[in-house]
>>> print(open('model03.pdb').read())   # PDB, C-alpha atoms
MODEL        1
ATOM      1  CA  GLY A 713      84.072 -16.474  94.339
ATOM      2  CA  THR A 714      87.374 -16.648  92.576
ATOM      3  CA  ALA A 715      87.811 -15.343  89.048
ATOM      4  CA  MET A 716      90.602 -17.390  87.529
ATOM      5  CA  SER A 717      93.275 -16.032  85.260
ATOM      6  CA  SER A 718      93.550 -17.122  81.668
ATOM      7  CA  SER A 719      96.496 -18.650  79.915
ATOM      8  CA  ASP A 720      98.259 -18.368  76.561
ATOM      9  CA  ASN A 721      96.973 -21.918  75.951
ATOM     10  CA  ASN A 722      93.386 -20.644  75.720
ATOM     11  CA  ALA A 723      92.566 -20.107  72.059
ATOM     12  CA  ILE A 724      90.489 -17.167  70.904
ATOM     13  CA  PRO A 725      87.571 -18.494  68.835
ATOM     14  CA  GLU A 726      87.866 -18.058  65.080
ATOM     15  CA  GLY A 727      86.425 -14.755  63.885
ATOM     16  CA  PHE A 728      87.034 -12.931  67.189
ATOM     17  CA  THR A 729      89.789 -10.532  68.258
ATOM     18  CA  LEU A 730      90.953 -10.265  71.865
ATOM     19  CA  ALA A 731      89.716  -6.925  73.212
ATOM     20  CA  PHE A 732      90.324  -7.419  76.940
ATOM     21  CA  GLU A 733      92.091  -9.921  79.172
ATOM     22  CA  ASP A 734      93.067  -9.735  82.831
ATOM     23  CA  ASN A 735      95.402 -12.280  84.374
ATOM     24  CA  PHE A 736      95.419 -10.616  87.820
ATOM     25  CA  ASP A 737      99.227 -10.320  87.961
ATOM     26  CA  GLU A 738      99.686  -8.339  91.167
ATOM     27  CA  ILE A 739      99.817 -11.061  93.857
ATOM     28  CA  GLY A 740      98.613  -9.604  97.178
ATOM     29  CA  GLY A 741      97.124  -6.539  95.496
ATOM     30  CA  GLN A 742      93.839  -5.402  94.037
ATOM     31  CA  PRO A 743      92.534  -5.563  90.467
ATOM     32  CA  ASN A 744      93.779  -2.882  88.059
ATOM     33  CA  GLN A 745      91.683   0.229  88.789
ATOM     34  CA  GLN A 746      91.729   1.183  85.100
ATOM     35  CA  ASN A 747      89.564  -1.872  84.375
ATOM     36  CA  TRP A 748      87.766  -2.683  87.644
ATOM     37  CA  THR A 749      85.711  -0.719  90.164
ATOM     38  CA  PHE A 750      84.230  -1.587  93.551
ATOM     39  CA  ASP A 751      80.603  -1.132  94.519
ATOM     40  CA  VAL A 752      81.019  -0.009  98.128
ATOM     41  CA  GLY A 753      78.355   0.237 100.819
ATOM     42  CA  GLN A 754      75.555  -1.619 102.484
ATOM     43  CA  THR A 755      72.364  -1.096 100.558
ATOM     44  CA  GLY A 756      71.067  -4.648 100.161
ATOM     45  CA  TRP A 757      71.335  -4.129  96.386
ATOM     46  CA  GLY A 758      68.828  -6.197  94.419
ATOM     47  CA  ASN A 759      68.969  -9.418  96.426
ATOM     48  CA  GLY A 760      68.771  -8.071  99.984
ATOM     49  CA  GLU A 761      72.420  -8.831 100.780
ATOM     50  CA  SER A 762      73.276  -8.246 104.432
ATOM     51  CA  GLN A 763      77.014  -7.695 103.990
ATOM     52  CA  ASN A 764      78.824  -4.399 103.783
ATOM     53  CA  TYR A 765      80.759  -4.267 100.502
ATOM     54  CA  THR A 766      84.299  -2.883 100.838
ATOM     55  CA  SER A 767      87.353  -2.292  98.667
ATOM     56  CA  SER A 768      89.674  -3.698 101.353
ATOM     57  CA  THR A 769      92.241  -6.411 100.649
ATOM     58  CA  ASP A 770      90.574  -8.185 103.593
ATOM     59  CA  ASN A 771      87.670  -8.842 101.204
ATOM     60  CA  SER A 772      89.313  -9.071  97.780
ATOM     61  CA  GLN A 773      92.875  -9.904  96.894
ATOM     62  CA  ILE A 774      94.824 -11.328  93.987
ATOM     63  CA  VAL A 775      96.247 -14.676  95.074
ATOM     64  CA  ASP A 776      98.550 -17.301  93.598
ATOM     65  CA  VAL A 777      96.466 -20.443  93.144
ATOM     66  CA  MET A 778      98.697 -23.430  92.470
ATOM     67  CA  ALA A 779      98.167 -27.117  91.920
ATOM     68  CA  GLY A 780      98.480 -29.420  94.942
ATOM     69  CA  ASN A 781     101.833 -30.744  93.732
ATOM     70  CA  SER A 782     104.096 -30.519  90.686
ATOM     71  CA  SER A 783     102.328 -33.394  88.888
ATOM     72  CA  GLU A 784      98.890 -31.728  89.005
ATOM     73  CA  MET A 785      97.657 -29.198  86.482
ATOM     74  CA  ASP A 786      97.016 -25.650  87.687
ATOM     75  CA  THR A 787      93.476 -24.403  87.351
ATOM     76  CA  ASP A 788      94.502 -22.716  84.080
ATOM     77  CA  GLY A 789      94.997 -26.193  82.596
ATOM     78  CA  THR A 790      98.790 -26.213  82.536
ATOM     79  CA  ILE A 791     101.559 -27.659  84.675
ATOM     80  CA  ASP A 792     103.554 -24.427  84.715
ATOM     81  CA  GLY A 793     103.354 -23.440  88.386
ATOM     82  CA  VAL A 794     101.736 -20.131  87.414
ATOM     83  CA  ASN A 795      98.105 -19.253  87.994
ATOM     84  CA  TRP A 796      96.613 -16.135  89.520
ATOM     85  CA  ALA A 797      93.105 -15.462  90.740
ATOM     86  CA  LEU A 798      91.012 -12.688  92.205
ATOM     87  CA  LYS A 799      89.711 -14.097  95.466
ATOM     88  CA  ILE A 800      86.625 -12.504  97.017
ATOM     89  CA  ILE A 801      86.361 -13.173 100.745
ATOM     90  CA  ALA A 802      83.391 -12.778 103.074
ATOM     91  CA  ASN A 803      84.310 -12.076 106.701
ATOM     92  CA  LYS A 804      82.135 -11.930 109.796
ATOM     93  CA  THR A 805      83.187 -10.005 112.893
ATOM     94  CA  GLY A 806      80.487 -10.018 115.546
ATOM     95  CA  ASN A 807      77.291  -9.233 113.653
ATOM     96  CA  VAL A 808      79.050  -7.375 110.819
ATOM     97  CA  ILE A 809      79.650  -9.180 107.511
ATOM     98  CA  THR A 810      81.964  -7.690 104.905
ATOM     99  CA  SER A 811      82.663  -8.816 101.351
ATOM    100  CA  ALA A 812      83.456  -7.318  97.932
ATOM    101  CA  ARG A 813      81.408  -6.500  94.864
ATOM    102  CA  ILE A 814      83.694  -5.867  91.894
ATOM    103  CA  LYS A 815      82.787  -4.946  88.354
ATOM    104  CA  SER A 816      84.762  -4.391  85.194
ATOM    105  CA  ASP A 817      84.626  -0.846  83.949
ATOM    106  CA  ILE A 818      85.604  -1.309  80.338
ATOM    107  CA  ASP A 819      83.811   1.002  77.921
ATOM    108  CA  ASP A 820      85.324  -0.043  74.597
ATOM    109  CA  LEU A 821      84.244  -3.699  74.365
ATOM    110  CA  GLY A 822      81.179  -3.049  72.248
ATOM    111  CA  ALA A 823      77.730  -4.580  72.532
ATOM    112  CA  TYR A 824      78.435  -7.983  71.001
ATOM    113  CA  GLY A 825      81.198 -10.515  71.317
ATOM    114  CA  TYR A 826      82.566 -13.658  72.866
ATOM    115  CA  TYR A 827      83.089 -13.608  76.621
ATOM    116  CA  GLU A 828      84.970 -16.221  78.622
ATOM    117  CA  VAL A 829      85.100 -16.207  82.400
ATOM    118  CA  ARG A 830      86.526 -18.905  84.654
ATOM    119  CA  ALA A 831      85.457 -18.922  88.272
ATOM    120  CA  LYS A 832      85.176 -21.157  91.307
ATOM    121  CA  LEU A 833      82.011 -20.404  93.277
ATOM    122  CA  PRO A 834      81.548 -20.873  97.036
ATOM    123  CA  SER A 835      78.646 -23.019  98.201
ATOM    124  CA  GLU A 836      78.322 -22.000 101.834
ATOM    125  CA  SER A 837      74.920 -21.062 103.180
ATOM    126  CA  GLY A 838      74.383 -17.346 102.724
ATOM    127  CA  ALA A 839      76.761 -16.992  99.753
ATOM    128  CA  TRP A 840      75.338 -15.540  96.536
ATOM    129  CA  PRO A 841      78.119 -15.423  93.933
ATOM    130  CA  ALA A 842      77.216 -14.152  90.478
ATOM    131  CA  ILE A 843      78.887 -13.216  87.213
ATOM    132  CA  TRP A 844      76.852 -10.957  84.964
ATOM    133  CA  LEU A 845      76.922  -8.440  82.126
ATOM    134  CA  LEU A 846      75.171  -5.128  82.741
ATOM    135  CA  GLY A 847      74.525  -2.177  80.450
ATOM    136  CA  ASP A 848      75.470   1.400  81.350
ATOM    137  CA  MET A 849      72.666   2.673  83.579
ATOM    138  CA  THR A 850      71.863   6.369  83.779
ATOM    139  CA  ALA A 851      69.235   8.402  85.640
ATOM    140  CA  ASP A 852      66.921   8.280  82.608
ATOM    141  CA  ARG A 853      67.748   4.599  81.842
ATOM    142  CA  PRO A 854      67.702   2.723  85.183
ATOM    143  CA  TRP A 855      67.802  -1.049  85.639
ATOM    144  CA  PRO A 856      66.558  -3.067  83.807
ATOM    145  CA  ASP A 857      66.249  -0.691  80.823
ATOM    146  CA  THR A 858      69.872  -1.264  79.734
ATOM    147  CA  GLY A 859      69.618  -5.022  80.208
ATOM    148  CA  GLU A 860      71.349  -7.579  82.410
ATOM    149  CA  ILE A 861      72.635 -11.016  81.445
ATOM    150  CA  ASP A 862      73.316 -13.260  84.434
ATOM    151  CA  LEU A 863      75.913 -15.715  83.113
ATOM    152  CA  VAL A 864      75.998 -17.693  86.352
ATOM    153  CA  GLU A 865      74.381 -17.199  89.737
ATOM    154  CA  TRP A 866      74.150 -19.466  92.767
ATOM    155  CA  SER A 867      72.509 -19.106  96.149
ATOM    156  CA  SER A 868      71.742 -21.453  99.006
ATOM    157  CA  ASN A 869      68.169 -20.240  98.359
ATOM    158  CA  TYR A 870      68.278 -22.403  95.208
ATOM    159  CA  PHE A 871      69.024 -25.605  97.135
ATOM    160  CA  ASP A 872      66.297 -28.172  97.639
ATOM    161  CA  GLU A 873      66.330 -31.792  98.788
ATOM    162  CA  VAL A 874      65.006 -33.151  95.482
ATOM    163  CA  SER A 875      67.214 -31.479  92.890
ATOM    164  CA  GLY A 876      70.117 -30.387  95.098
ATOM    165  CA  ASN A 877      72.059 -27.295  94.073
ATOM    166  CA  ARG A 878      71.088 -25.358  90.975
ATOM    167  CA  ILE A 879      73.232 -22.858  89.138
ATOM    168  CA  ILE A 880      71.039 -20.438  87.232
ATOM    169  CA  SER A 881      71.361 -17.880  84.458
ATOM    170  CA  ALA A 882      68.864 -15.215  83.433
ATOM    171  CA  LEU A 883      68.038 -12.279  81.172
ATOM    172  CA  HIS A 884      66.593  -9.101  82.676
ATOM    173  CA  PHE A 885      65.231  -6.324  80.463
ATOM    174  CA  ARG A 886      62.219  -4.092  79.955
ATOM    175  CA  GLY A 887      61.157  -4.062  76.305
ATOM    176  CA  ALA A 888      58.536  -1.952  74.617
ATOM    177  CA  ALA A 889      54.908  -2.464  75.624
ATOM    178  CA  ASP A 890      54.382  -5.084  72.886
ATOM    179  CA  GLN A 891      57.602  -7.002  73.744
ATOM    180  CA  PRO A 892      58.186  -9.647  76.411
ATOM    181  CA  GLN A 893      59.241  -8.287  79.788
ATOM    182  CA  ALA A 894      61.839  -9.973  81.973
ATOM    183  CA  HIS A 895      62.734  -8.320  85.257
ATOM    184  CA  ALA A 896      62.029  -8.664  88.975
ATOM    185  CA  ASP A 897      60.193 -11.994  89.396
ATOM    186  CA  THR A 898      59.441 -12.582  85.711
ATOM    187  CA  GLN A 899      61.195 -15.332  83.742
ATOM    188  CA  PHE A 900      62.380 -15.327  80.131
TER     189      PHE A 900
ENDMDL
END
>>> encode(input="model03.pdb", output="structure tokens")
Amino acid sequence: GTAMSSSDNNAIPEGFTLAFEDNFDEIGGQPNQQNWTFDVGQTGWGNGESQNYTSSTDNSQIVDVMAGNSSEMDTDGTIDGVNWALKIIANKTGNVITSARIKSDIDDLGAYGYYEVRAKLPSESGAWPAIWLLGDMTADRPWPDTGEIDLVEWSSNYFDEVSGNRIISALHFRGAADQPQAHADTQF
């Protein structure tokens, strides 16, 4: 997937104050380590992924994404010749697949607010791009106790001949015994 940069032309909704923005300015580099961390390893995570997640620029790199020509708008909605993106790349060498799993590590955003993310998702078989919000998990509060909001998720597993591709979103949480539950294969 590619997380697009934002632009000064994007208005902050009335009643909100900008608390965090990343325009991925370092072309050829990695996201700012003060705000982003890499999940590294090959554990299958929650969806049985077969790739080995790395922090290598072979698998994630800030790139300059421009319009096709000077008359086209960049993906940030302007014709300014400036637009940066964090590109996540899956590579296969022999039987080994590598990719990146990157998460923001920003503690001072608070529990509520307005979030805006722009992304272009791959649709190749085997891809499983997702953008989600996840609470701070600890040993005594594991997933899904702190909650997870899947803003967007796509997988070739969601493709069928009748409806085609589906992009999904979901809530995952474990409430008190008398509250609805939504985790693993449950729906809410």
>>> residues_around(input="model03.pdb", residues="Phe728 of chain A", least_positions_apart="2", cutoff="8 Å", atoms="all atoms listed in the file", output="list in words")
Ile724, Pro725, Glu726, Leu730, Gly825 and Tyr826 of chain A
>>> closest_residue(input="model03.pdb", among="A:Leu845, A:Leu798, A:Leu863, A:Ala723", to="Asp737 of chain A", atoms="only C-alpha atoms")
A:Leu798
>>> atom_distance(input="model03.pdb", atom1="atom CA of Ile818 of chain A", atom2="atom CA of Thr749 of chain A")
9.8 Å
>>> residues_around(input="model03.pdb", residues="Tyr824 of chain A", least_positions_apart="2", cutoff="12 Å", atoms="all atoms listed in the file", output="list of chain:residue names")
A:Phe728, A:Thr729, A:Ala731, A:Asp820, A:Leu821, A:Gly822, A:Tyr826, A:Tyr827, A:Leu845, A:Gly847
>>> write_last_selection(input="model03.pdb", atoms="C-alpha atoms", output="PDB file, in the coordinates of the input")
ATOM      1  CA  PHE A 728      87.034 -12.931  67.189  1.00  0.00           C
ATOM      2  CA  THR A 729      89.789 -10.532  68.258  1.00  0.00           C
ATOM      3  CA  ALA A 731      89.716  -6.925  73.212  1.00  0.00           C
ATOM      4  CA  ASP A 820      85.324  -0.043  74.597  1.00  0.00           C
ATOM      5  CA  LEU A 821      84.244  -3.699  74.365  1.00  0.00           C
ATOM      6  CA  GLY A 822      81.179  -3.049  72.248  1.00  0.00           C
ATOM      7  CA  TYR A 826      82.566 -13.658  72.866  1.00  0.00           C
ATOM      8  CA  TYR A 827      83.089 -13.608  76.621  1.00  0.00           C
ATOM      9  CA  LEU A 845      76.922  -8.440  82.126  1.00  0.00           C
ATOM     10  CA  GLY A 847      74.525  -2.177  80.450  1.00  0.00           C
TER      11      GLY A 847
END
>>> closest_residue(input="model03.pdb", among="A:Val752, A:Ala802, A:Ala797, A:Ile814", to="Ile774 of chain A", atoms="all atoms listed in the file")
A:Ala797
>>> closest_residue(input="model03.pdb", among="A:Trp840, A:Tyr765, A:Trp748, A:Trp866", to="Ala812 of chain A", atoms="all atoms listed in the file")
A:Tyr765
>>> closest_residue(input="model03.pdb", among="A:Asn744, A:Thr810, A:Ser762, A:Thr858", to="His884 of chain A", atoms="all atoms listed in the file")
A:Thr858
>>> residues_near_point(input="model03.pdb", point="(75.8, -4.0, 100.0)", cutoff="9 Å", atoms="all atoms listed in the file", output="list in words")
Asp751, Val752, Gly753, Gln754, Thr755, Gly756, Trp757, Gly760, Glu761, Ser762, Gln763, Asn764, Tyr765, Thr766, Thr810, Ser811, Ala812 and Arg813 of chain A
>>> atom_distance(input="model03.pdb", atom1="atom CA of Gly838 of chain A", atom2="atom CA of Gln773 of chain A")
20.8 Å
>>> atom_distance(input="model03.pdb", atom1="atom CA of Val829 of chain A", atom2="atom CA of Thr769 of chain A")
21.9 Å
>>> resolve_selection(input="model03.pdb", expression="the PyMOL selection byres ((chain A and resi 855) around 12)", output="compact mmCIF listing (two decimals) with C-alpha atoms, in the coordinates of the input")
# COMPACT_ATOMS: atom_id res chain seq x y z
CA TRP A 757 71.33 -4.13 96.39
CA GLY A 758 68.83 -6.20 94.42
CA LEU A 846 75.17 -5.13 82.74
CA GLY A 847 74.53 -2.18 80.45
CA ASP A 848 75.47 1.40 81.35
CA MET A 849 72.67 2.67 83.58
CA THR A 850 71.86 6.37 83.78
CA ALA A 851 69.24 8.40 85.64
CA ASP A 852 66.92 8.28 82.61
CA ARG A 853 67.75 4.60 81.84
CA PRO A 854 67.70 2.72 85.18
CA PRO A 856 66.56 -3.07 83.81
CA ASP A 857 66.25 -0.69 80.82
CA THR A 858 69.87 -1.26 79.73
CA GLY A 859 69.62 -5.02 80.21
CA GLU A 860 71.35 -7.58 82.41
CA ILE A 861 72.64 -11.02 81.44
CA HIS A 884 66.59 -9.10 82.68
CA PHE A 885 65.23 -6.32 80.46
CA ARG A 886 62.22 -4.09 79.96
CA GLY A 887 61.16 -4.06 76.31
CA ALA A 894 61.84 -9.97 81.97
CA HIS A 895 62.73 -8.32 85.26
CA ALA A 896 62.03 -8.66 88.98
>>> axis_aligned_box(input="model03.pdb", around="segment 840-852 of chain A", padding_each_side="4 Å", output="lines of an AutoDock Vina configuration file")
center_x = 72.9
center_y = -3.6
center_z = 88.5
size_x = 20.0
size_y = 31.9
size_z = 24.1
>>> residues_around(input="model03.pdb", residues="Trp844 of chain A", least_positions_apart="4", cutoff="10 Å", atoms="only C-alpha atoms", output="PyMOL selection string")
chain A and resi 815+860-865+881-883
>>> resolve_selection(input="model03.pdb", expression="the PyMOL selection byres ((chain A and resi 799) around 12)", output="ChimeraX atom specification")
/A:713-717,736,739-743,768-777,796-798,800-802,811-814,831-834,841
>>> decode(input="model03.pdb", residues="segment 847-865 of chain A", atoms="N, CA and C atoms", output="PDB file, in the first residue's frame")
ATOM      1  N   GLY A 847      -5.381   0.200  20.179  1.00  0.00           N
ATOM      2  CA  GLY A 847      -5.036   0.696  21.508  1.00  0.00           C
ATOM      3  C   GLY A 847      -3.697   0.154  21.982  1.00  0.00           C
ATOM      4  N   ASP A 848      -3.178   0.730  23.062  1.00  0.00           N
ATOM      5  CA  ASP A 848      -1.902   0.288  23.632  1.00  0.00           C
ATOM      6  C   ASP A 848      -2.102  -1.022  24.375  1.00  0.00           C
ATOM      7  N   MET A 849      -1.577  -2.101  23.820  1.00  0.00           N
ATOM      8  CA  MET A 849      -1.692  -3.418  24.452  1.00  0.00           C
ATOM      9  C   MET A 849      -0.580  -3.598  25.482  1.00  0.00           C
ATOM     10  N   THR A 850      -0.911  -4.281  26.560  1.00  0.00           N
ATOM     11  CA  THR A 850       0.061  -4.623  27.586  1.00  0.00           C
ATOM     12  C   THR A 850      -0.138  -6.095  27.932  1.00  0.00           C
ATOM     13  N   ALA A 851       0.733  -6.637  28.774  1.00  0.00           N
ATOM     14  CA  ALA A 851       0.622  -8.052  29.145  1.00  0.00           C
ATOM     15  C   ALA A 851      -0.719  -8.345  29.819  1.00  0.00           C
ATOM     16  N   ASP A 852      -1.216  -7.406  30.631  1.00  0.00           N
ATOM     17  CA  ASP A 852      -2.497  -7.635  31.305  1.00  0.00           C
ATOM     18  C   ASP A 852      -3.692  -7.134  30.493  1.00  0.00           C
ATOM     19  N   ARG A 853      -3.453  -6.471  29.348  1.00  0.00           N
ATOM     20  CA  ARG A 853      -4.530  -6.030  28.458  1.00  0.00           C
ATOM     21  C   ARG A 853      -4.154  -6.373  27.019  1.00  0.00           C
ATOM     22  N   PRO A 854      -4.217  -7.669  26.658  1.00  0.00           N
ATOM     23  CA  PRO A 854      -3.852  -8.090  25.299  1.00  0.00           C
ATOM     24  C   PRO A 854      -4.977  -7.767  24.307  1.00  0.00           C
ATOM     25  N   TRP A 855      -4.696  -7.995  23.022  1.00  0.00           N
ATOM     26  CA  TRP A 855      -5.730  -7.829  22.004  1.00  0.00           C
ATOM     27  C   TRP A 855      -6.838  -8.822  22.284  1.00  0.00           C
ATOM     28  N   PRO A 856      -8.080  -8.475  22.171  1.00  0.00           N
ATOM     29  CA  PRO A 856      -8.645  -7.209  21.695  1.00  0.00           C
ATOM     30  C   PRO A 856      -9.108  -6.283  22.817  1.00  0.00           C
ATOM     31  N   ASP A 857      -8.563  -6.472  24.044  1.00  0.00           N
ATOM     32  CA  ASP A 857      -9.059  -5.713  25.194  1.00  0.00           C
ATOM     33  C   ASP A 857      -8.936  -4.203  25.022  1.00  0.00           C
ATOM     34  N   THR A 858      -7.927  -3.726  24.295  1.00  0.00           N
ATOM     35  CA  THR A 858      -7.750  -2.287  24.103  1.00  0.00           C
ATOM     36  C   THR A 858      -8.442  -1.784  22.842  1.00  0.00           C
ATOM     37  N   GLY A 859      -9.057  -2.676  22.097  1.00  0.00           N
ATOM     38  CA  GLY A 859      -9.827  -2.295  20.927  1.00  0.00           C
ATOM     39  C   GLY A 859      -8.996  -2.178  19.662  1.00  0.00           C
ATOM     40  N   GLU A 860      -9.664  -2.386  18.535  1.00  0.00           N
ATOM     41  CA  GLU A 860      -9.063  -2.210  17.213  1.00  0.00           C
ATOM     42  C   GLU A 860     -10.161  -1.723  16.282  1.00  0.00           C
ATOM     43  N   ILE A 861      -9.865  -0.677  15.529  1.00  0.00           N
ATOM     44  CA  ILE A 861     -10.780  -0.171  14.512  1.00  0.00           C
ATOM     45  C   ILE A 861     -10.086  -0.340  13.171  1.00  0.00           C
ATOM     46  N   ASP A 862     -10.587  -1.249  12.353  1.00  0.00           N
ATOM     47  CA  ASP A 862     -10.058  -1.419  10.997  1.00  0.00           C
ATOM     48  C   ASP A 862     -10.750  -0.397  10.111  1.00  0.00           C
ATOM     49  N   LEU A 863     -10.013   0.651   9.702  1.00  0.00           N
ATOM     50  CA  LEU A 863     -10.592   1.676   8.841  1.00  0.00           C
ATOM     51  C   LEU A 863     -10.825   1.121   7.442  1.00  0.00           C
ATOM     52  N   VAL A 864      -9.834   0.399   6.933  1.00  0.00           N
ATOM     53  CA  VAL A 864      -9.948  -0.208   5.608  1.00  0.00           C
ATOM     54  C   VAL A 864      -9.076  -1.459   5.590  1.00  0.00           C
ATOM     55  N   GLU A 865      -9.592  -2.499   4.968  1.00  0.00           N
ATOM     56  CA  GLU A 865      -8.840  -3.744   4.842  1.00  0.00           C
ATOM     57  C   GLU A 865      -9.291  -4.422   3.557  1.00  0.00           C
TER      58      GLU A 865
END
